>>> print(open('start.txt').read())   # compact mmCIF, C-alpha atoms
# COMPACT_ATOMS: atom_id res chain seq x y z
CA MET A 1375 0.00 0.00 0.00
CA GLU A 1376 1.91 3.01 -1.28
CA ARG A 1377 1.10 6.41 0.14
CA LYS A 1378 1.42 8.18 -3.21
CA ASN A 1379 -1.48 6.15 -4.58
CA TYR A 1380 -3.77 7.75 -2.01
CA SER A 1381 -2.67 11.36 -2.39
CA ASN A 1382 -5.54 13.81 -2.69
CA PRO A 1383 -6.25 17.49 -3.35
CA LEU A 1384 -6.61 18.41 0.33
CA GLY A 1385 -3.33 16.84 1.36
CA ASN A 1386 -1.56 18.36 -1.64
CA GLN A 1387 -2.68 21.79 -0.52
CA VAL A 1388 -1.24 21.22 2.95
CA LEU A 1389 2.10 20.16 1.50
CA SER A 1390 2.17 23.25 -0.73
CA LEU A 1391 1.87 25.90 1.97
CA PRO A 1392 5.59 26.43 2.73
CA SER A 1393 6.27 26.99 -0.97
CA MET A 1394 3.37 29.43 -1.43
CA VAL A 1395 3.71 31.50 1.75
CA ASP A 1396 6.29 34.00 0.43
CA GLU A 1397 4.19 34.95 -2.58
CA GLN A 1398 0.99 35.21 -0.56
CA VAL A 1399 2.50 37.27 2.25
CA ASP A 1400 4.41 39.61 -0.07
CA TYR A 1401 1.27 40.32 -2.05
CA CYS A 1402 -1.00 40.87 0.97
CA PHE A 1403 1.49 43.15 2.74
CA SER A 1404 2.43 45.19 -0.33
CA ASP A 1405 1.88 48.95 -0.05
CA GLU A 1406 0.07 49.06 -3.39
CA VAL A 1407 -2.49 46.48 -2.31
CA GLN A 1408 -3.02 47.88 1.18
CA GLN A 1409 -3.40 51.48 0.01
CA SER A 1410 -6.09 50.40 -2.45
CA ILE A 1411 -8.14 48.89 0.36
CA MET A 1412 -8.22 51.80 2.81
CA SER A 1413 -6.83 55.31 2.79
CA MET A 1414 -4.92 56.51 5.82
CA SER A 1415 -7.86 58.60 7.02
CA GLU A 1416 -10.26 55.67 6.62
CA ALA A 1417 -7.95 53.37 8.55
CA PHE A 1418 -7.58 55.97 11.29
CA ASP A 1419 -11.35 56.46 11.63
CA VAL A 1420 -12.22 52.86 12.50
CA ARG A 1421 -13.21 52.30 16.13
CA LYS A 1422 -14.78 48.84 15.95
CA ILE A 1423 -14.36 45.85 13.63
CA TYR A 1424 -16.69 42.95 12.86
CA ILE A 1425 -15.37 39.98 10.88
CA THR A 1426 -17.71 37.41 9.41
CA GLY A 1427 -18.02 34.68 6.81
CA CYS A 1428 -19.48 31.21 6.28
CA GLY A 1429 -17.90 27.78 6.68
CA ASP A 1430 -14.11 27.95 6.66
CA SER A 1431 -14.28 31.74 6.66
CA ILE A 1432 -15.90 31.96 10.09
CA ALA A 1433 -13.08 29.80 11.47
CA ALA A 1434 -10.54 32.23 9.98
CA ALA A 1435 -12.47 35.14 11.49
CA GLY A 1436 -12.54 33.53 14.93
CA ALA A 1437 -8.86 32.61 14.90
CA MET A 1438 -7.71 36.06 13.80
CA ALA A 1439 -10.17 38.46 15.51
CA PRO A 1440 -8.06 38.80 18.70
CA VAL A 1441 -4.93 39.33 16.58
CA VAL A 1442 -6.63 41.99 14.45
CA HIS A 1443 -7.77 43.71 17.66
CA ARG A 1444 -4.26 43.81 19.11
CA LEU A 1445 -2.46 44.85 15.92
CA SER A 1446 -4.95 47.45 14.69
CA GLY A 1447 -5.41 49.40 17.90
CA VAL A 1448 -9.21 49.62 17.57
CA PHE A 1449 -11.51 49.64 20.59
CA SER A 1450 -12.94 46.21 19.79
CA CYS A 1451 -12.84 43.50 17.15
CA GLU A 1452 -15.04 40.45 17.14
CA MET A 1453 -16.02 37.54 14.98
CA VAL A 1454 -19.75 37.47 14.37
CA GLU A 1455 -21.81 34.76 12.71
CA PRO A 1456 -23.33 36.10 9.48
CA MET A 1457 -26.88 35.15 10.47
CA ASP A 1458 -26.49 36.99 13.76
CA PHE A 1459 -25.23 40.10 11.99
CA THR A 1460 -27.83 40.15 9.24
CA ARG A 1461 -31.00 39.10 11.02
CA PHE A 1462 -30.55 39.84 14.71
CA MET A 1463 -28.12 42.73 15.25
CA LEU A 1464 -29.66 46.20 14.97
CA ALA A 1465 -27.85 49.38 14.01
CA LYS A 1466 -28.08 50.71 17.57
CA ASP A 1467 -26.29 47.59 18.82
CA ILE A 1468 -23.61 47.61 16.14
CA GLY A 1469 -22.33 51.11 16.93
CA ILE A 1470 -23.13 53.22 13.90
CA GLY A 1471 -22.52 56.95 14.15
CA GLU A 1472 -18.86 57.69 13.43
CA PRO A 1473 -17.29 58.06 9.96
CA ASN A 1474 -15.97 54.80 8.48
CA SER A 1475 -16.83 52.86 11.63
CA PRO A 1476 -17.49 50.13 12.29
CA LEU A 1477 -15.43 48.29 9.71
CA VAL A 1478 -17.22 45.13 8.58
CA ILE A 1479 -15.03 42.54 6.86
CA GLY A 1480 -16.86 39.81 4.96
CA ILE A 1481 -14.72 36.79 4.07
CA SER A 1482 -15.77 34.68 1.09
CA ALA A 1483 -13.14 32.97 -1.03
CA GLY A 1484 -15.49 32.43 -3.96
CA GLY A 1485 -17.53 35.51 -3.19
CA SER A 1486 -20.95 34.00 -3.90
CA SER A 1487 -22.40 33.32 -0.45
CA SER A 1488 -25.79 34.98 -0.14
CA ARG A 1489 -25.41 35.57 3.57
CA VAL A 1490 -22.11 37.43 3.15
CA VAL A 1491 -23.66 39.51 0.36
CA GLU A 1492 -26.41 40.30 2.85
CA VAL A 1493 -23.84 41.30 5.49
CA MET A 1494 -22.17 43.72 3.09
CA ARG A 1495 -25.47 45.22 1.95
CA LYS A 1496 -26.84 45.69 5.45
CA ALA A 1497 -23.58 47.20 6.69
CA ASN A 1498 -23.52 49.61 3.74
CA GLU A 1499 -27.11 50.69 4.32
CA MET A 1500 -26.32 51.36 7.97
CA GLY A 1501 -23.33 53.51 7.08
CA ALA A 1502 -20.52 51.12 8.03
CA PHE A 1503 -17.28 50.71 6.03
CA THR A 1504 -17.21 47.36 4.25
CA ILE A 1505 -14.37 45.25 2.89
CA ALA A 1506 -14.77 41.98 1.01
CA LEU A 1507 -11.90 39.55 1.59
CA THR A 1508 -12.08 37.24 -1.42
CA ASN A 1509 -10.32 35.57 -4.32
CA ASN A 1510 -12.94 36.72 -6.81
CA GLY A 1511 -13.03 40.43 -7.46
CA GLU A 1512 -16.02 40.08 -9.82
CA SER A 1513 -18.16 38.15 -7.34
CA PRO A 1514 -21.43 39.32 -5.76
CA VAL A 1515 -19.74 39.83 -2.38
CA ALA A 1516 -16.95 41.90 -3.90
CA LYS A 1517 -19.37 44.03 -5.87
CA GLU A 1518 -21.52 44.65 -2.81
CA ALA A 1519 -18.64 45.82 -0.60
CA LYS A 1520 -17.21 49.33 -0.69
CA ARG A 1521 -13.74 47.88 -1.15
CA SER A 1522 -12.40 44.49 -2.15
CA PHE A 1523 -9.23 42.84 -0.93
CA VAL A 1524 -8.67 40.27 -3.67
CA LEU A 1525 -6.19 37.87 -2.09
CA ASN A 1526 -4.81 36.61 -5.40
CA THR A 1527 -3.99 33.23 -3.86
CA PRO A 1528 -1.66 31.29 -6.18
CA LYS A 1529 -3.60 28.71 -8.17
CA MET A 1530 -2.96 24.99 -8.06
CA GLN A 1531 -4.76 22.10 -9.69
CA ASP A 1532 -7.73 20.73 -7.74
CA ASP A 1533 -7.44 23.15 -4.83
CA PHE A 1534 -10.49 21.90 -2.94
CA PRO A 1535 -11.89 21.47 -0.34
CA GLY A 1536 -10.69 24.96 0.55
CA LEU A 1537 -7.45 25.07 2.52
CA ARG A 1538 -5.05 27.40 0.72
CA SER A 1539 -7.91 29.90 0.64
CA TYR A 1540 -8.33 29.51 4.42
CA PHE A 1541 -4.65 30.20 4.95
CA ALA A 1542 -4.81 33.20 2.60
CA SER A 1543 -7.79 34.65 4.45
CA MET A 1544 -5.87 34.62 7.73
CA VAL A 1545 -2.84 36.25 6.10
CA GLY A 1546 -5.08 38.91 4.56
CA LEU A 1547 -6.65 39.77 7.91
CA ILE A 1548 -3.22 40.10 9.51
CA ALA A 1549 -2.06 42.40 6.72
CA ILE A 1550 -5.08 44.69 7.09
CA ALA A 1551 -4.62 44.87 10.85
CA CYS A 1552 -0.90 45.58 10.59
CA ARG A 1553 -1.42 48.51 8.25
CA MET A 1554 -4.14 49.92 10.48
CA GLY A 1555 -1.81 49.65 13.44
CA ARG A 1556 0.89 51.56 11.59
CA VAL A 1557 -1.52 54.30 10.49
CA ARG A 1558 -2.86 54.62 14.03
CA ASN A 1559 0.69 54.70 15.45
CA VAL A 1560 0.26 51.70 17.73
CA LEU A 1561 2.91 49.75 15.81
CA PRO A 1562 6.50 50.84 15.07
CA PRO A 1563 7.55 52.05 11.59
CA ASP A 1564 9.05 48.76 10.38
CA SER A 1565 6.28 46.54 11.74
CA GLU A 1566 4.91 45.45 8.34
CA LYS A 1567 8.27 44.15 7.21
CA ARG A 1568 9.09 42.47 10.50
CA LEU A 1569 5.70 40.80 10.79
CA ALA A 1570 5.74 39.64 7.17
CA GLU A 1571 9.16 38.06 7.63
CA ALA A 1572 8.11 36.44 10.91
CA LEU A 1573 5.08 34.91 9.19
CA LYS A 1574 7.22 33.47 6.42
CA ALA A 1575 9.82 32.16 8.86
CA TYR A 1576 7.22 30.35 10.95
CA ILE A 1577 5.56 28.64 7.98
CA HIS A 1578 8.95 27.69 6.53
CA GLN A 1579 9.61 25.68 9.71
CA TYR A 1580 7.02 23.22 8.42
CA ALA A 1581 8.97 22.55 5.23
CA GLY A 1582 11.24 20.08 6.99
CA ILE A 1583 8.53 18.20 8.89
CA LEU A 1584 5.54 17.95 6.55
CA GLU A 1585 6.80 14.85 4.76
CA GLY A 1586 7.13 12.94 8.04
CA MET A 1587 3.79 14.30 9.21
CA ASP A 1588 2.18 13.13 5.98
CA THR A 1589 3.57 9.62 6.51
CA ASP A 1590 2.32 9.54 10.11
CA MET A 1591 -1.19 10.63 9.14
CA PHE A 1592 -1.30 8.07 6.33
CA GLU A 1593 -0.48 5.33 8.82
CA LEU A 1594 -3.02 6.61 11.33
CA ALA A 1595 -5.71 6.80 8.64
CA LYS A 1596 -5.40 3.07 8.09
CA SER A 1597 -6.97 2.50 11.51
CA TRP A 1598 -9.23 5.58 11.57
CA LYS A 1599 -10.70 5.37 8.04
CA SER A 1600 -13.83 3.45 9.08
CA PHE A 1601 -14.82 5.78 11.93
CA GLU A 1602 -18.16 7.52 11.45
CA ARG A 1603 -17.91 9.89 14.44
CA PHE A 1604 -15.26 12.43 15.41
CA ASP A 1605 -14.65 15.05 18.09
CA PHE A 1606 -12.34 18.05 17.67
CA ILE A 1607 -11.30 19.88 20.82
CA GLY A 1608 -9.36 23.09 21.41
CA ASP A 1609 -9.38 26.19 23.60
CA ASP A 1610 -9.31 29.89 22.74
CA LYS A 1611 -7.72 30.34 19.30
CA GLU A 1612 -7.28 26.57 19.01
CA LEU A 1613 -11.05 26.18 19.11
CA TYR A 1614 -11.12 27.59 15.58
CA SER A 1615 -8.44 25.19 14.37
CA ALA A 1616 -10.68 22.47 15.80
CA LEU A 1617 -13.63 23.93 13.88
CA PHE A 1618 -11.69 24.07 10.62
CA ALA A 1619 -10.42 20.50 11.05
CA MET A 1620 -13.97 19.33 11.70
CA GLU A 1621 -15.13 21.05 8.52
CA LYS A 1622 -12.48 19.26 6.45
CA PHE A 1623 -13.52 15.88 7.84
CA LEU A 1624 -17.15 16.58 7.04
CA GLU A 1625 -16.32 17.66 3.51
CA CYS A 1626 -13.91 14.81 2.81
CA THR A 1627 -15.60 11.87 4.51
CA GLY A 1628 -19.22 12.79 5.28
CA VAL A 1629 -18.87 11.65 8.91
CA MET A 1630 -20.70 12.97 11.96
CA ALA A 1631 -18.48 15.39 13.86
CA ASN A 1632 -18.48 17.98 16.61
CA TYR A 1633 -16.08 20.58 17.98
CA ASP A 1634 -15.84 21.88 21.54
CA ASP A 1635 -13.51 23.34 24.15
CA SER A 1636 -11.80 21.20 26.76
CA GLU A 1637 -14.07 22.17 29.64
CA ASN A 1638 -17.42 21.65 27.98
CA TRP A 1639 -16.27 18.39 26.41
CA CYS A 1640 -15.61 16.98 29.88
CA HIS A 1641 -19.14 17.95 30.95
CA VAL A 1642 -20.95 16.67 27.86
CA GLY A 1643 -18.86 15.02 25.12
CA TYR A 1644 -17.25 12.55 27.52
CA HIS A 1645 -20.54 10.66 27.86
CA ILE A 1646 -21.05 9.66 24.22
CA ALA A 1647 -21.60 5.92 23.89
CA ASP A 1648 -19.17 3.52 22.22
CA PRO A 1649 -16.11 5.75 22.72
CA GLU A 1650 -13.79 3.22 21.03
CA SER A 1651 -15.31 4.21 17.69
CA ILE A 1652 -14.93 8.00 18.04
CA GLY A 1653 -11.80 9.55 16.56
CA THR A 1654 -10.84 12.41 18.89
CA VAL A 1655 -8.46 15.19 17.88
CA PHE A 1656 -7.03 17.69 20.36
CA PHE A 1657 -5.31 20.99 19.61
CA ALA A 1658 -3.03 21.78 22.54
CA ASP A 1659 -0.98 24.97 22.85
CA ALA A 1660 1.69 24.52 25.52
CA THR A 1661 1.94 28.31 25.94
CA ALA A 1662 -1.78 28.73 26.71
CA ALA A 1663 -3.23 29.16 30.18
CA SER A 1664 -5.52 26.16 29.59
CA TYR A 1665 -2.74 23.71 28.70
CA GLY A 1666 -3.14 21.88 32.00
CA ARG A 1667 -6.87 21.48 31.41
CA ILE A 1668 -6.28 20.21 27.88
CA ARG A 1669 -3.86 17.61 29.26
CA GLU A 1670 -6.46 16.47 31.80
CA THR A 1671 -9.05 16.20 29.04
CA VAL A 1672 -6.73 14.18 26.81
CA SER A 1673 -6.11 11.77 29.69
CA ALA A 1674 -9.84 11.35 30.19
CA ALA A 1675 -10.47 10.74 26.49
CA ALA A 1676 -7.54 8.38 25.97
CA ILE A 1677 -8.86 5.85 28.48
CA ARG A 1678 -11.13 4.36 25.80
CA ARG A 1679 -11.00 6.64 22.75
CA PRO A 1680 -8.53 6.70 19.86
CA VAL A 1681 -6.83 10.07 20.34
CA LEU A 1682 -4.64 12.36 18.24
CA VAL A 1683 -2.98 15.34 19.91
CA ILE A 1684 -1.59 18.20 17.81
CA THR A 1685 0.68 20.26 20.02
CA ASN A 1686 3.72 22.48 20.32
CA GLY A 1687 4.36 20.82 23.67
CA GLU A 1688 6.22 17.67 24.60
CA LYS A 1689 5.02 14.17 23.77
CA GLY A 1690 5.67 13.20 27.38
CA ASP A 1691 2.94 15.62 28.49
CA PHE A 1692 0.32 13.19 27.23
CA PRO A 1693 -0.62 9.58 28.03
CA GLU A 1694 1.07 6.76 26.11
CA GLY A 1695 -2.18 5.76 24.45
CA ALA A 1696 -2.47 9.09 22.62
CA ARG A 1697 -0.94 9.64 19.20
CA VAL A 1698 1.01 12.93 19.42
CA VAL A 1699 2.09 15.12 16.51
CA GLN A 1700 4.42 17.98 17.39
CA VAL A 1701 4.21 21.25 15.46
CA PRO A 1702 6.69 24.15 15.63
CA ARG A 1703 6.37 26.61 18.49
CA ALA A 1704 6.09 30.25 17.45
CA GLU A 1705 8.31 32.91 18.98
CA ALA A 1706 7.21 34.61 22.18
CA GLY A 1707 4.69 37.30 21.36
CA ASN A 1708 3.63 35.53 18.17
CA GLU A 1709 1.95 32.51 19.75
CA TRP A 1710 -1.14 33.22 17.65
CA MET A 1711 0.77 32.08 14.56
CA GLN A 1712 0.21 28.46 15.59
CA THR A 1713 -3.31 28.61 14.14
CA LEU A 1714 -1.88 29.42 10.71
CA MET A 1715 -0.72 25.82 10.31
CA ASP A 1716 -1.68 23.57 13.23
CA TYR A 1717 -4.63 22.15 11.31
CA ALA A 1718 -2.16 20.56 8.85
CA PRO A 1719 -2.02 17.09 10.47
CA ALA A 1720 -5.81 16.90 10.78
CA ALA A 1721 -6.29 17.95 7.16
CA LEU A 1722 -3.80 15.32 5.97
CA LEU A 1723 -5.62 12.74 8.06
CA ALA A 1724 -9.00 13.77 6.60
CA GLY A 1725 -7.73 13.35 3.06
CA TYR A 1726 -6.31 9.90 3.71
CA CYS A 1727 -9.39 8.73 5.63
CA CYS A 1728 -11.30 9.61 2.47
CA THR A 1729 -9.09 7.91 -0.09
CA LEU A 1730 -8.25 4.82 1.97
CA ALA A 1731 -11.94 4.18 2.66
CA GLY A 1732 -13.02 4.85 -0.92
CA ARG A 1733 -15.13 7.84 0.11
CA LYS A 1734 -15.81 10.97 -1.92
CA PHE A 1735 -15.26 14.66 -1.26
CA PHE A 1736 -18.66 16.27 -0.63
CA ASN A 1737 -20.20 12.84 -1.38
CA GLU A 1738 -19.62 13.73 -5.04
CA TYR A 1739 -15.98 13.85 -6.10
CA ASP A 1740 -13.76 10.77 -6.25
CA PRO A 1741 -10.23 12.08 -5.57
CA ILE A 1742 -8.59 8.90 -6.85
CA ALA A 1743 -10.52 8.66 -10.11
CA LYS A 1744 -10.58 12.50 -10.31
CA GLU A 1745 -14.20 12.55 -11.40
CA TYR A 1746 -17.65 13.40 -10.11
CA ASN A 1747 -19.42 10.08 -9.71
CA GLY A 1748 -21.24 10.34 -6.39
CA GLU A 1749 -24.90 10.56 -5.49
CA GLY A 1750 -24.76 13.50 -3.09
CA LYS A 1751 -26.48 16.85 -3.47
CA TYR A 1752 -23.49 19.09 -2.84
CA PHE A 1753 -23.74 20.91 -6.13
CA ALA A 1754 -27.54 21.15 -6.17
CA GLU A 1755 -27.68 24.87 -5.41
CA GLY A 1756 -31.46 24.99 -5.76
CA ILE A 1757 -31.65 22.67 -2.77
CA ARG A 1758 -28.80 24.00 -0.65
CA THR A 1759 -29.44 27.68 -1.49
CA MET A 1760 -26.01 28.87 -0.31
CA LYS A 1761 -25.73 31.12 -3.35
CA ASN A 1762 -29.38 31.90 -3.98
CA SER A 1763 -30.86 32.28 -0.51
CA GLU A 1764 -33.31 35.17 -0.23
CA ILE A 1765 -31.63 38.36 0.93
CA LYS A 1766 -33.45 40.50 3.48
CA ILE A 1767 -32.22 43.56 5.30
CA PHE A 1768 -33.16 44.15 8.94
CA ILE A 1769 -31.80 47.44 10.33
>>> encode(input="start.txt", output="structure tokens")
Amino acid sequence: MERKNYSNPLGNQVLSLPSMVDEQVDYCFSDEVQQSIMSMSEAFDVRKIYITGCGDSIAAAGAMAPVVHRLSGVFSCEMVEPMDFTRFMLAKDIGIGEPNSPLVIGISAGGSSSRVVEVMRKANEMGAFTIALTNNGESPVAKEAKRSFVLNTPKMQDDFPGLRSYFASMVGLIAIACRMGRVRNVLPPDSEKRLAEALKAYIHQYAGILEGMDTDMFELAKSWKSFERFDFIGDDKELYSALFAMEKFLECTGVMANYDDSENWCHVGYHIADPESIGTVFFADATAASYGRIRETVSAAAIRRPVLVITNGEKGDFPEGARVVQVPRAEAGNEWMQTLMDYAPAALLAGYCCTLAGRKFFNEYDPIAKEYNGEGKYFAEGIRTMKNSEIKIFI
């Protein structure tokens, strides 16, 4: 059983990230691109930021919102679910009243999500400043927003389910925040260059370990490929890596899956029946205040569950029964960078669980045969209505 015979588009995207990071970062941080998104006065005006999107994009928003807050120097920055923003948040709650504030960033790689179009339209009608973060400058989301940040993510063959686009969205958010911080004088003059180089350096650390990680996840997939239930667990920023990993498993294998933090899982998730058949993935940041709680939770899960731990800590911190994958530790002050890549082992595992079990991406696409031969309804937009859902504005 040769690993290369089970390679797949998701895993190939993971393996490509160290070679694409320089181009993506240089583009996103370039003065020409950043100045086209916001003028200095517009960047200075912003007091509050909302970041939203659907699917992978909401995970990117959640992972990066605290970073955007710290770098930009605004009063507040939060991830908000698109349905909450469009249907349940009123103008008086959002904080309308100052020029170019709040800033509402709608993330949509393809730019066709009806709910993100609705976010942009509602924000515009309320008087907010809107930016579409996308890879399609001619899309409905881009056309609805006041400005578009077209990420120009380098193309590769069969780049789905989305992973390079997820990475690019996080880089784009960091670039926006860094420029705002410079304009608002909360960051030093050379901060863009230093942060861009730090980003590249961190991702390049993966270049030397991805091949071994790929082999490990291929071997693990041999025993996990038949599982129909999965849990993904992480705290704080790692909760959103858990969410993204869960999304890739759903898209690749069609399994039942959940994500949670370490505390709530111990109260609720621990009690699920037949634990031996539940693949359980932990994201553990050794620099986080909850690391001790994560370790306790891993120990509880590993008694009867098959467990994978993705961590920048030591393998000895976890019970012998747990499979541990170590990822690089970011420099002090840049601990948030872990979320830029820590989903890599889980994504590799998802791809191999699909191909080894003969499953199909989205229940439609056979990644081995490279053809659509499934019976799912993924592409039936009239049923799913992601792109043609009715748009309503509630202000």
>>> closest_atom_pairs(input="start.txt", of="segment 1573-1641 of chain A", to="segment 1716-1729 of chain A", cutoff="8 Å", atoms="all atoms listed in the file", output="tab-separated table")
residue	atom	partner	partner_atom	distance
A:Met1587	CA	A:Pro1719	CA	6.6
A:Asp1588	CA	A:Leu1722	CA	6.4
A:Met1591	CA	A:Leu1723	CA	5.0
A:Phe1592	CA	A:Tyr1726	CA	5.9
A:Leu1594	CA	A:Leu1723	CA	7.4
A:Ala1595	CA	A:Cys1727	CA	5.1
A:Lys1596	CA	A:Cys1727	CA	7.3
A:Trp1598	CA	A:Cys1727	CA	6.7
A:Lys1599	CA	A:Cys1727	CA	4.3
A:Ser1600	CA	A:Cys1727	CA	7.7
A:Ser1615	CA	A:Tyr1717	CA	5.8
A:Ala1616	CA	A:Tyr1717	CA	7.5
A:Phe1618	CA	A:Tyr1717	CA	7.3
A:Ala1619	CA	A:Ala1720	CA	5.9
A:Lys1622	CA	A:Ala1721	CA	6.4
A:Phe1623	CA	A:Ala1724	CA	5.1
A:Cys1626	CA	A:Cys1728	CA	5.8
A:Thr1627	CA	A:Cys1728	CA	5.3
>>> closest_residue(input="start.txt", among="A:Val1407, A:Ala1663, A:Val1395, A:Ile1765", to="Leu1573 of chain A", atoms="all atoms listed in the file")
A:Val1395
>>> residues_near_point(input="start.txt", point="(-14.1, 44.8, -1.9)", cutoff="7 Å", atoms="all atoms listed in the file", output="PyMOL selection string")
chain A and resi 1505-1507+1516-1517+1519-1523
>>> write_last_selection(input="start.txt", atoms="C-alpha atoms", output="short mmCIF file (atom, residue, chain, number, x, y, z; two decimals), keeping the file's coordinate frame")
data_model
loop_
_atom_site.label_atom_id
_atom_site.label_comp_id
_atom_site.auth_asym_id
_atom_site.auth_seq_id
_atom_site.Cartn_x
_atom_site.Cartn_y
_atom_site.Cartn_z
CA ILE A 1505 -14.37 45.25 2.89
CA ALA A 1506 -14.77 41.98 1.01
CA LEU A 1507 -11.90 39.55 1.59
CA ALA A 1516 -16.95 41.90 -3.90
CA LYS A 1517 -19.37 44.03 -5.87
CA ALA A 1519 -18.64 45.82 -0.60
CA LYS A 1520 -17.21 49.33 -0.69
CA ARG A 1521 -13.74 47.88 -1.15
CA SER A 1522 -12.40 44.49 -2.15
CA PHE A 1523 -9.23 42.84 -0.93
#
>>> atom_distance(input="start.txt", atom1="atom CA of Phe1462 of chain A", atom2="atom CA of Cys1428 of chain A")
16.4 Å
>>> atom_distance(input="start.txt", atom1="atom CA of Glu1705 of chain A", atom2="atom CA of Glu1397 of chain A")
22.0 Å
>>> closest_atom_pairs(input="start.txt", of="segment 1526-1626 of chain A", to="segment 1741-1749 of chain A", cutoff="12 Å", atoms="all atoms listed in the file", output="tab-separated table")
residue	atom	partner	partner_atom	distance
A:Gln1531	CA	A:Lys1744	CA	11.2
A:Asp1532	CA	A:Lys1744	CA	9.1
A:Asp1533	CA	A:Pro1741	CA	11.4
A:Phe1534	CA	A:Pro1741	CA	10.2
A:Pro1535	CA	A:Pro1741	CA	10.9
A:Cys1626	CA	A:Pro1741	CA	9.6
>>> closest_residue(input="start.txt", among="A:Glu1499, A:Asp1659, A:Glu1571, A:Glu1585", to="Asp1609 of chain A", atoms="all atoms listed in the file")
A:Asp1659
>>> residues_around(input="start.txt", residues="Thr1661 of chain A", least_positions_apart="5", cutoff="10 Å", atoms="all atoms listed in the file", output="NGL selection string")
:A and (1686-1687 or 1703-1704 or 1706 or 1709)
>>> atom_distance(input="start.txt", atom1="atom CA of Met1715 of chain A", atom2="atom CA of Val1388 of chain A")
8.7 Å
>>> closest_residue(input="start.txt", among="A:Lys1611, A:Lys1567, A:Arg1758, A:Arg1667", to="Ala1437 of chain A", atoms="all atoms listed in the file")
A:Lys1611
>>> closest_residue(input="start.txt", among="A:Ser1565, A:Gln1398, A:Gln1712, A:Ser1446", to="Ala1417 of chain A", atoms="only C-alpha atoms")
A:Ser1446
>>> closest_residue(input="start.txt", among="A:Ser1450, A:Gln1579, A:Ser1651, A:Thr1759", to="Phe1604 of chain A", atoms="all atoms listed in the file")
A:Ser1651
>>> closest_residue(input="start.txt", among="A:Val1701, A:Ala1631, A:Ile1607, A:Ile1468", to="Val1655 of chain A", atoms="all atoms listed in the file")
A:Ile1607
>>> residues_around(input="start.txt", residues="Phe1692 of chain A", least_positions_apart="3", cutoff="12 Å", atoms="only C-alpha atoms", output="number ranges by chain")
A: 1656, 1658, 1660, 1665-1677, 1681-1685, 1687-1689, 1695-1700
>>> write_last_selection(input="start.txt", atoms="C-alpha atoms", output="PDB file, in the coordinates of the input")
ATOM      1  CA  PHE A1656      -7.030  17.690  20.360  1.00  0.00           C
ATOM      2  CA  ALA A1658      -3.030  21.780  22.540  1.00  0.00           C
ATOM      3  CA  ALA A1660       1.690  24.520  25.520  1.00  0.00           C
ATOM      4  CA  TYR A1665      -2.740  23.710  28.700  1.00  0.00           C
ATOM      5  CA  GLY A1666      -3.140  21.880  32.000  1.00  0.00           C
ATOM      6  CA  ARG A1667      -6.870  21.480  31.410  1.00  0.00           C
ATOM      7  CA  ILE A1668      -6.280  20.210  27.880  1.00  0.00           C
ATOM      8  CA  ARG A1669      -3.860  17.610  29.260  1.00  0.00           C
ATOM      9  CA  GLU A1670      -6.460  16.470  31.800  1.00  0.00           C
ATOM     10  CA  THR A1671      -9.050  16.200  29.040  1.00  0.00           C
ATOM     11  CA  VAL A1672      -6.730  14.180  26.810  1.00  0.00           C
ATOM     12  CA  SER A1673      -6.110  11.770  29.690  1.00  0.00           C
ATOM     13  CA  ALA A1674      -9.840  11.350  30.190  1.00  0.00           C
ATOM     14  CA  ALA A1675     -10.470  10.740  26.490  1.00  0.00           C
ATOM     15  CA  ALA A1676      -7.540   8.380  25.970  1.00  0.00           C
ATOM     16  CA  ILE A1677      -8.860   5.850  28.480  1.00  0.00           C
ATOM     17  CA  VAL A1681      -6.830  10.070  20.340  1.00  0.00           C
ATOM     18  CA  LEU A1682      -4.640  12.360  18.240  1.00  0.00           C
ATOM     19  CA  VAL A1683      -2.980  15.340  19.910  1.00  0.00           C
ATOM     20  CA  ILE A1684      -1.590  18.200  17.810  1.00  0.00           C
ATOM     21  CA  THR A1685       0.680  20.260  20.020  1.00  0.00           C
ATOM     22  CA  GLY A1687       4.360  20.820  23.670  1.00  0.00           C
ATOM     23  CA  GLU A1688       6.220  17.670  24.600  1.00  0.00           C
ATOM     24  CA  LYS A1689       5.020  14.170  23.770  1.00  0.00           C
ATOM     25  CA  GLY A1695      -2.180   5.760  24.450  1.00  0.00           C
ATOM     26  CA  ALA A1696      -2.470   9.090  22.620  1.00  0.00           C
ATOM     27  CA  ARG A1697      -0.940   9.640  19.200  1.00  0.00           C
ATOM     28  CA  VAL A1698       1.010  12.930  19.420  1.00  0.00           C
ATOM     29  CA  VAL A1699       2.090  15.120  16.510  1.00  0.00           C
ATOM     30  CA  GLN A1700       4.420  17.980  17.390  1.00  0.00           C
TER      31      GLN A1700
END
>>> residues_around(input="start.txt", residues="Met1463 of chain A", least_positions_apart="5", cutoff="12 Å", atoms="all atoms listed in the file", output="ChimeraX atom specification")
/A:1424,1454-1458,1468-1470,1493,1496-1497,1500,1767-1769
>>> axis_aligned_box(input="start.txt", around="segment 1713-1718 of chain A", padding_each_side="6 Å", output="AutoDock Vina command-line options")
--center_x -2.7 --center_y 25.0 --center_z 11.5 --size_x 15.9 --size_y 20.9 --size_z 17.3
>>> decode(input="start.txt", residues="segment 1607-1616 of chain A", atoms="C-alpha atoms", output="mmCIF file, in the first residue's frame")
data_model
loop_
_atom_site.group_PDB
_atom_site.id
_atom_site.type_symbol
_atom_site.label_atom_id
_atom_site.label_comp_id
_atom_site.auth_asym_id
_atom_site.auth_seq_id
_atom_site.Cartn_x
_atom_site.Cartn_y
_atom_site.Cartn_z
ATOM 1 C CA ILE A 1607 -11.297 19.881 20.819
ATOM 2 C CA GLY A 1608 -9.358 23.093 21.408
ATOM 3 C CA ASP A 1609 -9.378 26.186 23.602
ATOM 4 C CA ASP A 1610 -9.314 29.891 22.738
ATOM 5 C CA LYS A 1611 -7.715 30.340 19.301
ATOM 6 C CA GLU A 1612 -7.277 26.569 19.008
ATOM 7 C CA LEU A 1613 -11.051 26.185 19.115
ATOM 8 C CA TYR A 1614 -11.121 27.587 15.583
ATOM 9 C CA SER A 1615 -8.444 25.187 14.368
ATOM 10 C CA ALA A 1616 -10.684 22.465 15.795
#
